[in-house]
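S.K.: Okay, so here is entry.txt, and as you'll see once you scroll down, it has compact mmCIF, C-alpha atoms.
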# COMPACT_ATOMS: atom_id res chain seq x y z
CA MET A 1 -33.11 -29.15 -51.21
CA ASN A 2 -35.47 -30.69 -53.76
CA ASP A 3 -37.26 -32.47 -50.93
CA PHE A 4 -37.76 -29.12 -49.18
CA PHE A 5 -39.47 -27.57 -52.20
CA HIS A 6 -41.41 -30.77 -52.83
CA MET A 7 -43.34 -30.26 -49.58
CA PHE A 8 -45.08 -27.26 -51.14
CA THR A 9 -46.65 -29.47 -53.80
CA TYR A 10 -48.96 -31.02 -51.22
CA GLN A 11 -52.31 -29.25 -51.05
CA PHE A 12 -52.83 -29.85 -47.32
CA ILE A 13 -49.45 -28.23 -46.55
CA LEU A 14 -50.25 -25.21 -48.73
CA TYR A 15 -53.61 -24.82 -46.99
CA ALA A 16 -51.89 -25.09 -43.61
CA LEU A 17 -49.29 -22.46 -44.57
CA ILE A 18 -51.82 -19.98 -45.95
CA VAL A 19 -54.17 -20.25 -42.98
CA GLY A 20 -51.36 -20.47 -40.42
CA ILE A 21 -49.48 -17.42 -41.71
CA SER A 22 -52.71 -15.40 -41.91
CA ILE A 23 -53.63 -16.23 -38.32
CA SER A 24 -50.04 -15.75 -37.11
CA ILE A 25 -50.13 -12.20 -38.48
CA CYS A 26 -53.45 -11.46 -36.75
CA ALA A 27 -52.32 -13.01 -33.46
CA ALA A 28 -49.06 -11.05 -33.43
CA LEU A 29 -50.84 -7.77 -34.21
CA LEU A 30 -53.34 -8.19 -31.40
CA GLY A 31 -50.72 -9.64 -29.09
CA THR A 32 -48.79 -6.38 -29.20
CA SER A 33 -51.68 -4.49 -27.64
CA LEU A 34 -52.84 -7.26 -25.28
CA VAL A 35 -49.37 -8.03 -23.89
CA LEU A 36 -48.38 -4.39 -23.42
CA LYS A 37 -51.71 -3.71 -21.65
CA LYS A 38 -51.19 -6.84 -19.51
CA ASN A 39 -54.42 -8.34 -20.84
CA SER A 40 -52.90 -11.26 -22.72
CA MET A 41 -54.61 -13.91 -20.55
CA ILE A 42 -57.98 -12.80 -21.92
CA SER A 43 -57.06 -14.72 -25.07
CA ASP A 44 -56.51 -17.84 -22.96
CA GLY A 45 -59.97 -17.53 -21.42
CA LEU A 46 -61.56 -16.97 -24.84
CA SER A 47 -59.78 -20.00 -26.31
CA HIS A 48 -61.39 -22.22 -23.66
CA VAL A 49 -64.78 -20.64 -24.36
CA ALA A 50 -64.21 -21.39 -28.04
CA PHE A 51 -63.63 -25.06 -27.22
CA GLY A 52 -66.84 -25.24 -25.18
CA ALA A 53 -68.91 -23.51 -27.86
CA CYS A 54 -67.40 -25.65 -30.60
CA ALA A 55 -68.22 -28.81 -28.63
CA ILE A 56 -71.86 -27.74 -28.31
CA ALA A 57 -72.04 -26.95 -32.05
CA LEU A 58 -70.60 -30.35 -32.97
CA ALA A 59 -72.97 -32.16 -30.60
CA LEU A 60 -75.96 -30.40 -32.21
CA ASN A 61 -74.60 -30.83 -35.78
CA TRP A 62 -74.35 -27.07 -36.26
CA ALA A 63 -71.64 -25.24 -38.20
CA PRO A 64 -68.83 -24.93 -35.57
CA MET A 65 -67.32 -21.64 -36.72
CA ALA A 66 -70.65 -19.87 -37.33
CA PHE A 67 -71.80 -20.77 -33.82
CA THR A 68 -68.49 -20.36 -31.98
CA ILE A 69 -67.48 -16.87 -33.16
CA PRO A 70 -70.61 -15.07 -31.82
CA ILE A 71 -70.42 -16.98 -28.52
CA VAL A 72 -66.76 -16.05 -28.02
CA ILE A 73 -67.44 -12.40 -28.91
CA ILE A 74 -70.30 -12.27 -26.37
CA SER A 75 -68.02 -13.87 -23.78
CA SER A 76 -65.34 -11.24 -24.43
CA PHE A 77 -67.91 -8.50 -23.69
CA PHE A 78 -68.87 -10.39 -20.54
CA ILE A 79 -65.24 -10.57 -19.39
CA LEU A 80 -64.65 -6.87 -20.09
CA LYS A 81 -67.79 -5.88 -18.19
CA LEU A 82 -67.25 -8.09 -15.14
CA SER A 83 -63.50 -7.40 -14.91
CA LYS A 84 -64.41 -3.81 -13.95
CA ASN A 85 -66.26 -5.17 -10.93
CA ASN A 86 -63.99 -4.82 -7.90
CA LYS A 87 -65.55 -7.90 -6.31
CA ILE A 88 -64.12 -10.17 -9.01
CA GLN A 89 -60.49 -9.73 -10.06
CA GLY A 90 -59.81 -10.00 -13.79
CA ASP A 91 -57.41 -12.95 -13.60
CA ALA A 92 -59.76 -14.89 -11.28
CA LEU A 93 -62.69 -14.23 -13.60
CA ILE A 94 -60.75 -15.48 -16.62
CA ALA A 95 -59.70 -18.61 -14.71
CA ILE A 96 -63.34 -19.32 -13.76
CA ILE A 97 -64.63 -18.87 -17.29
CA ALA A 98 -61.76 -20.84 -18.84
CA SER A 99 -62.06 -23.88 -16.57
CA ALA A 100 -65.88 -23.89 -16.71
CA SER A 101 -65.91 -23.67 -20.53
CA LEU A 102 -63.38 -26.48 -20.89
CA ALA A 103 -65.37 -28.69 -18.49
CA ILE A 104 -68.68 -27.96 -20.22
CA GLY A 105 -67.22 -28.66 -23.66
CA TYR A 106 -65.70 -31.97 -22.65
CA MET A 107 -68.89 -33.00 -20.82
CA VAL A 108 -71.11 -32.16 -23.81
CA ILE A 109 -68.95 -34.21 -26.16
CA ASN A 110 -69.09 -37.23 -23.84
CA ILE A 111 -72.83 -37.01 -23.07
CA SER A 112 -73.83 -36.46 -26.71
CA GLY A 113 -71.76 -39.39 -27.90
CA ALA A 114 -70.57 -37.28 -30.85
CA ASN A 115 -67.75 -38.84 -32.83
CA VAL A 116 -65.24 -36.06 -32.15
CA ASP A 117 -61.49 -36.32 -31.72
CA VAL A 118 -61.06 -34.04 -28.71
CA GLU A 119 -57.28 -33.78 -29.25
CA ASN A 120 -57.85 -32.04 -32.58
CA TYR A 121 -59.68 -29.23 -30.80
CA LEU A 122 -57.40 -29.09 -27.78
CA TYR A 123 -54.08 -29.23 -29.66
CA GLY A 124 -55.06 -28.39 -33.25
CA SER A 125 -55.42 -30.22 -36.54
CA ILE A 126 -53.76 -27.93 -39.03
CA PHE A 127 -53.45 -30.49 -41.82
CA GLY A 128 -57.19 -31.16 -41.78
CA ILE A 129 -58.15 -27.71 -43.09
CA THR A 130 -60.79 -27.80 -45.83
CA LYS A 131 -61.11 -25.40 -48.75
CA SER A 132 -64.15 -23.67 -47.19
CA GLU A 133 -62.25 -23.23 -43.89
CA LEU A 134 -59.32 -21.82 -45.86
CA ILE A 135 -61.51 -19.22 -47.57
CA ILE A 136 -63.31 -18.21 -44.36
CA SER A 137 -60.05 -17.99 -42.40
CA VAL A 138 -58.29 -15.84 -45.02
CA ILE A 139 -61.26 -13.47 -45.41
CA LEU A 140 -61.68 -12.99 -41.65
CA SER A 141 -57.91 -12.61 -41.20
CA ILE A 142 -57.81 -9.87 -43.84
CA ILE A 143 -60.68 -8.08 -42.06
CA VAL A 144 -58.83 -8.28 -38.72
CA ILE A 145 -55.60 -6.95 -40.28
CA LEU A 146 -57.35 -4.08 -42.10
CA VAL A 147 -59.28 -3.00 -38.98
CA PHE A 148 -56.06 -3.04 -36.94
CA ILE A 149 -54.22 -0.95 -39.55
CA PHE A 150 -57.13 1.50 -39.85
CA LEU A 151 -57.34 1.93 -36.06
CA TYR A 152 -53.58 1.75 -35.46
CA ASN A 153 -53.30 5.19 -33.83
CA LYS A 154 -56.30 4.60 -31.56
CA ILE A 155 -55.01 1.18 -30.49
CA PHE A 156 -51.59 2.69 -29.83
CA SER A 157 -53.14 5.37 -27.62
CA ILE A 158 -55.24 3.05 -25.43
CA THR A 159 -52.35 0.59 -25.18
CA PHE A 160 -49.97 3.07 -23.52
CA ASP A 161 -52.21 5.58 -21.75
CA GLU A 162 -55.90 4.77 -21.71
CA ASP A 163 -56.68 7.41 -19.08
CA PHE A 164 -55.11 10.17 -21.17
CA PHE A 165 -56.98 8.89 -24.23
CA LYS A 166 -60.25 9.17 -22.27
CA SER A 167 -59.37 12.67 -21.04
CA THR A 168 -58.98 13.85 -24.64
CA GLY A 169 -62.48 12.63 -25.49
CA GLY A 170 -61.44 9.28 -26.92
CA LYS A 171 -63.92 6.41 -26.72
CA ALA A 172 -61.63 3.93 -24.99
CA GLU A 173 -64.43 1.48 -24.18
CA LEU A 174 -65.44 1.30 -27.84
CA TYR A 175 -61.90 0.50 -29.00
CA ASN A 176 -61.44 -2.04 -26.21
CA ILE A 177 -64.58 -3.76 -27.47
CA ILE A 178 -63.22 -3.71 -31.04
CA ILE A 179 -59.94 -5.26 -29.85
CA SER A 180 -61.86 -7.95 -27.96
CA ILE A 181 -63.92 -8.74 -31.09
CA LEU A 182 -60.77 -9.03 -33.21
CA CYS A 183 -59.18 -11.20 -30.53
CA SER A 184 -62.27 -13.43 -30.41
CA ILE A 185 -62.20 -13.98 -34.17
CA THR A 186 -58.46 -14.70 -34.14
CA VAL A 187 -58.78 -17.20 -31.27
CA VAL A 188 -61.60 -19.11 -33.02
CA LEU A 189 -59.68 -19.23 -36.29
CA GLY A 190 -56.47 -20.21 -34.53
CA MET A 191 -58.11 -23.07 -32.64
CA LYS A 192 -58.06 -25.13 -35.84
CA ILE A 193 -54.29 -24.87 -36.22
CA MET A 194 -53.11 -24.67 -32.60
CA GLY A 195 -56.00 -25.97 -30.51
CA ALA A 196 -57.72 -24.34 -27.55
CA LEU A 197 -54.78 -25.00 -25.24
CA LEU A 198 -52.02 -23.61 -27.45
CA ILE A 199 -53.51 -20.74 -29.48
CA THR A 200 -52.60 -18.20 -26.76
CA SER A 201 -48.93 -18.88 -27.50
CA LEU A 202 -49.31 -17.28 -30.96
CA ILE A 203 -50.57 -14.11 -29.27
CA ILE A 204 -48.09 -13.89 -26.40
CA PHE A 205 -44.70 -15.29 -27.53
CA PRO A 206 -43.98 -13.12 -30.62
CA THR A 207 -44.64 -9.85 -28.78
CA ILE A 208 -42.51 -10.77 -25.76
CA SER A 209 -39.72 -11.88 -28.12
CA ALA A 210 -40.01 -8.69 -30.18
CA ARG A 211 -39.74 -6.55 -27.04
CA GLN A 212 -36.25 -7.92 -26.42
CA ILE A 213 -34.95 -6.31 -29.63
CA SER A 214 -37.34 -3.37 -30.14
CA LYS A 215 -37.36 0.15 -28.73
CA THR A 216 -40.59 1.56 -30.18
CA TYR A 217 -44.18 0.36 -30.44
CA LYS A 218 -43.98 0.26 -34.23
CA SER A 219 -40.82 -1.86 -34.18
CA VAL A 220 -42.46 -4.24 -31.68
CA VAL A 221 -45.39 -4.67 -34.07
CA ILE A 222 -43.14 -5.29 -37.10
CA ASN A 223 -40.69 -7.60 -35.31
CA SER A 224 -43.47 -9.61 -33.68
CA GLU A 225 -44.97 -10.20 -37.14
CA ILE A 226 -41.64 -11.42 -38.51
CA ILE A 227 -41.00 -13.67 -35.51
CA SER A 228 -44.54 -15.08 -35.58
CA ILE A 229 -44.38 -16.00 -39.27
CA LEU A 230 -40.87 -17.46 -39.04
CA CYS A 231 -41.68 -19.59 -35.98
CA PHE A 232 -44.84 -20.90 -37.59
CA PHE A 233 -43.02 -21.75 -40.81
CA ILE A 234 -40.17 -23.51 -38.97
CA GLY A 235 -42.74 -25.51 -36.97
CA ILE A 236 -44.40 -26.73 -40.18
CA VAL A 237 -41.04 -27.66 -41.75
CA LEU A 238 -39.97 -29.57 -38.62
CA ASN A 239 -43.20 -31.57 -38.74
CA TYR A 240 -42.60 -32.39 -42.41
CA TYR A 241 -39.19 -33.92 -41.66
CA ILE A 242 -40.10 -35.46 -38.28
CA ASP A 243 -43.41 -37.30 -38.60
CA ASP A 244 -44.07 -37.87 -34.89
CA LEU A 245 -43.59 -34.20 -34.01
CA PRO A 246 -46.93 -32.45 -33.28
CA VAL A 247 -47.25 -29.26 -35.32
CA GLY A 248 -48.80 -27.07 -32.63
CA SER A 249 -46.29 -28.14 -30.01
CA SER A 250 -43.38 -27.62 -32.42
CA ILE A 251 -44.50 -24.05 -33.15
CA VAL A 252 -44.71 -23.29 -29.42
CA ILE A 253 -41.28 -24.83 -28.75
CA VAL A 254 -39.72 -22.87 -31.64
CA ASN A 255 -41.25 -19.68 -30.19
CA LEU A 256 -39.84 -20.57 -26.78
CA ILE A 257 -36.35 -21.18 -28.18
CA VAL A 258 -36.43 -17.87 -30.08
CA LEU A 259 -37.52 -16.05 -26.91
CA ILE A 260 -34.72 -17.61 -24.85
CA ILE A 261 -32.13 -16.75 -27.53
CA LEU A 262 -33.30 -13.12 -27.74
CA ILE A 263 -33.32 -12.75 -23.94
CA CYS A 264 -29.75 -14.09 -23.81
CA ILE A 265 -28.67 -11.71 -26.58
CA LYS A 266 -30.24 -8.78 -24.75
CA LYS A 267 -28.50 -9.74 -21.49
CA PHE A 268 -25.18 -10.20 -23.30
CA LYS A 269 -25.47 -6.81 -25.01
CA LYS A 270 -26.25 -5.15 -21.69
CA LEU A 271 -23.28 -6.77 -19.97
CA PHE A 272 -21.03 -5.91 -22.92
CA TYR A 273 -22.21 -2.28 -22.84
CA LEU A 274 -21.59 -2.02 -19.07
CA LYS A 275 -18.11 -3.51 -19.48
CA ILE A 276 -17.21 -1.05 -22.24
CA LYS A 277 -18.58 1.81 -20.15
CA SER A 278 -16.53 0.78 -17.11
CA ILE A 279 -13.35 0.61 -19.24
CA LYS A 280 -13.92 4.15 -20.47
Produce structure tokens that represent the structure in this file.

M.R.:
Amino acid sequence: MNDFFHMFTYQFILYALIVGISISICAALLGTSLVLKKNSMISDGLSHVAFGACAIALALNWAPMAFTIPIVIISSFFILKLSKNNKIQGDALIAIIASASLAIGYMVINISGANVDVENYLYGSIFGITKSELIISVILSIIVILVFIFLYNKIFSITFDEDFFKSTGGKAELYNIIISILCSITVVLGMKIMGALLITSLIIFPTISARQISKTYKSVVINSEIISILCFFIGIVLNYYIDDLPVGSSIVIVNLIVLIILICIKKFKKLFYLKIKSIK
């Protein structure tokens, strides 16, 4: 027990927990809307764009986050605009952008000869967070959370019935753009802890898990937050006790296990209910 509490005395673990929990909250909030609207793969495309932009910034000795966030936001607008074009299906467009961005990023790093550990950007490097990254991440996470809370009713409306929202005079396109901006910021921040290849898991898994035990939109939001934070925390603790266990991968695996357990519980409850009903 003392060893468990001792882990919180390390500064790099505290930084990882603060940043990780902040981003987990943002990812789960946005995931609720993206998953329910069946747009969750947009985050995957944006994470690959983030890797490509970050690679270019590192090759040119520019500030990675300051360069990457605007590029990812612009890309999100690009995806939203082109996905409305009937000639290019949304999922195909995301696949094209994702693969191209990943290829460009890796090529730039190799051609430039920059001394960059690609694995840190593909799979995350949560224990390498600096104080400045901590401050920036927390501030941006707070902004994302506050905007989501302030626009909660609007986001709820476009999530479940965008056409009705438009018919009542609502500016659906504007709020879709806001969601894409928030998603872009979250993806860029999350790339440090989960990497470009795993950050989407923080957005998708908690919401799908929460849907197994929730009946309303509000309960999905709340439960996805709880699940996201718990899974992240368990992943960090597992890494502390098992040195060779990658943090990002552990968090994803914990999320997967939780999802499987909740699906099984839901199936069991349904079967139990049907059995009781048949007896009556």

S.K.: Quick one: residues within 9 Å of A:His48, only C-alpha atoms counted, chain neighbours fewer than 3 positions away excluded, as a PyMOL selection string?

M.R.: chain A and resi 43-45+51-53+97-102+105+122+196-197

S.K.: Write the selection just made, keeping C-alpha atoms, as a PDB file, in the frame of the given file?

M.R.:
ATOM      1  CA  SER A  43     -57.060 -14.720 -25.070  1.00  0.00           C
ATOM      2  CA  ASP A  44     -56.510 -17.840 -22.960  1.00  0.00           C
ATOM      3  CA  GLY A  45     -59.970 -17.530 -21.420  1.00  0.00           C
ATOM      4  CA  PHE A  51     -63.630 -25.060 -27.220  1.00  0.00           C
ATOM      5  CA  GLY A  52     -66.840 -25.240 -25.180  1.00  0.00           C
ATOM      6  CA  ALA A  53     -68.910 -23.510 -27.860  1.00  0.00           C
ATOM      7  CA  ILE A  97     -64.630 -18.870 -17.290  1.00  0.00           C
ATOM      8  CA  ALA A  98     -61.760 -20.840 -18.840  1.00  0.00           C
ATOM      9  CA  SER A  99     -62.060 -23.880 -16.570  1.00  0.00           C
ATOM     10  CA  ALA A 100     -65.880 -23.890 -16.710  1.00  0.00           C
ATOM     11  CA  SER A 101     -65.910 -23.670 -20.530  1.00  0.00           C
ATOM     12  CA  LEU A 102     -63.380 -26.480 -20.890  1.00  0.00           C
ATOM     13  CA  GLY A 105     -67.220 -28.660 -23.660  1.00  0.00           C
ATOM     14  CA  LEU A 122     -57.400 -29.090 -27.780  1.00  0.00           C
ATOM     15  CA  ALA A 196     -57.720 -24.340 -27.550  1.00  0.00           C
ATOM     16  CA  LEU A 197     -54.780 -25.000 -25.240  1.00  0.00           C
TER      17      LEU A 197
END

S.K.: Please determine, counting all atoms listed in the file, which residue among A:Trp62, A:Phe8, A:Phe67, A:Phe148 has the shortest atom-to-atom distance to A:Val221.

M.R.: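 Closest to A:Val221 of all the choices is A:Phe148.
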
S.K.: Can you work out the spacing between atom CA of A:Ile25 and atom CA of A:Ser47 in Å, to one decimal?

M.R.: 17.4 Å

S.K.: Of the candidates A:Ile21, A:Ala57, A:Val247, A:Ile257, which one gets nearest to A:Ile126 if we count only C-alpha atoms?

M.R.: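 The answer is A:Val247, which sits nearest to A:Ile126.
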
S.K.: What is the distance between atom CA of A:Ile149 and atom CA of A:Ser219, in Å to one decimal?

M.R.: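 These atoms are spaced 14.5 Å apart.
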
S.K.: Write out as a ChimeraX atom specification the residues lying within 8 Å of A:Phe232, counting all atoms listed in the file and excluding same-chain residues fewer than 5 positions away.

M.R.: /A:20-21,24,251

S.K.: Considering all atoms listed in the file, state which residue in the set A:Lys37, A:Phe127, A:Asp91, A:Ile261 is at the smallest distance from A:Tyr240.

M.R.: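 For A:Tyr240, the nearest of the candidates is A:Phe127.
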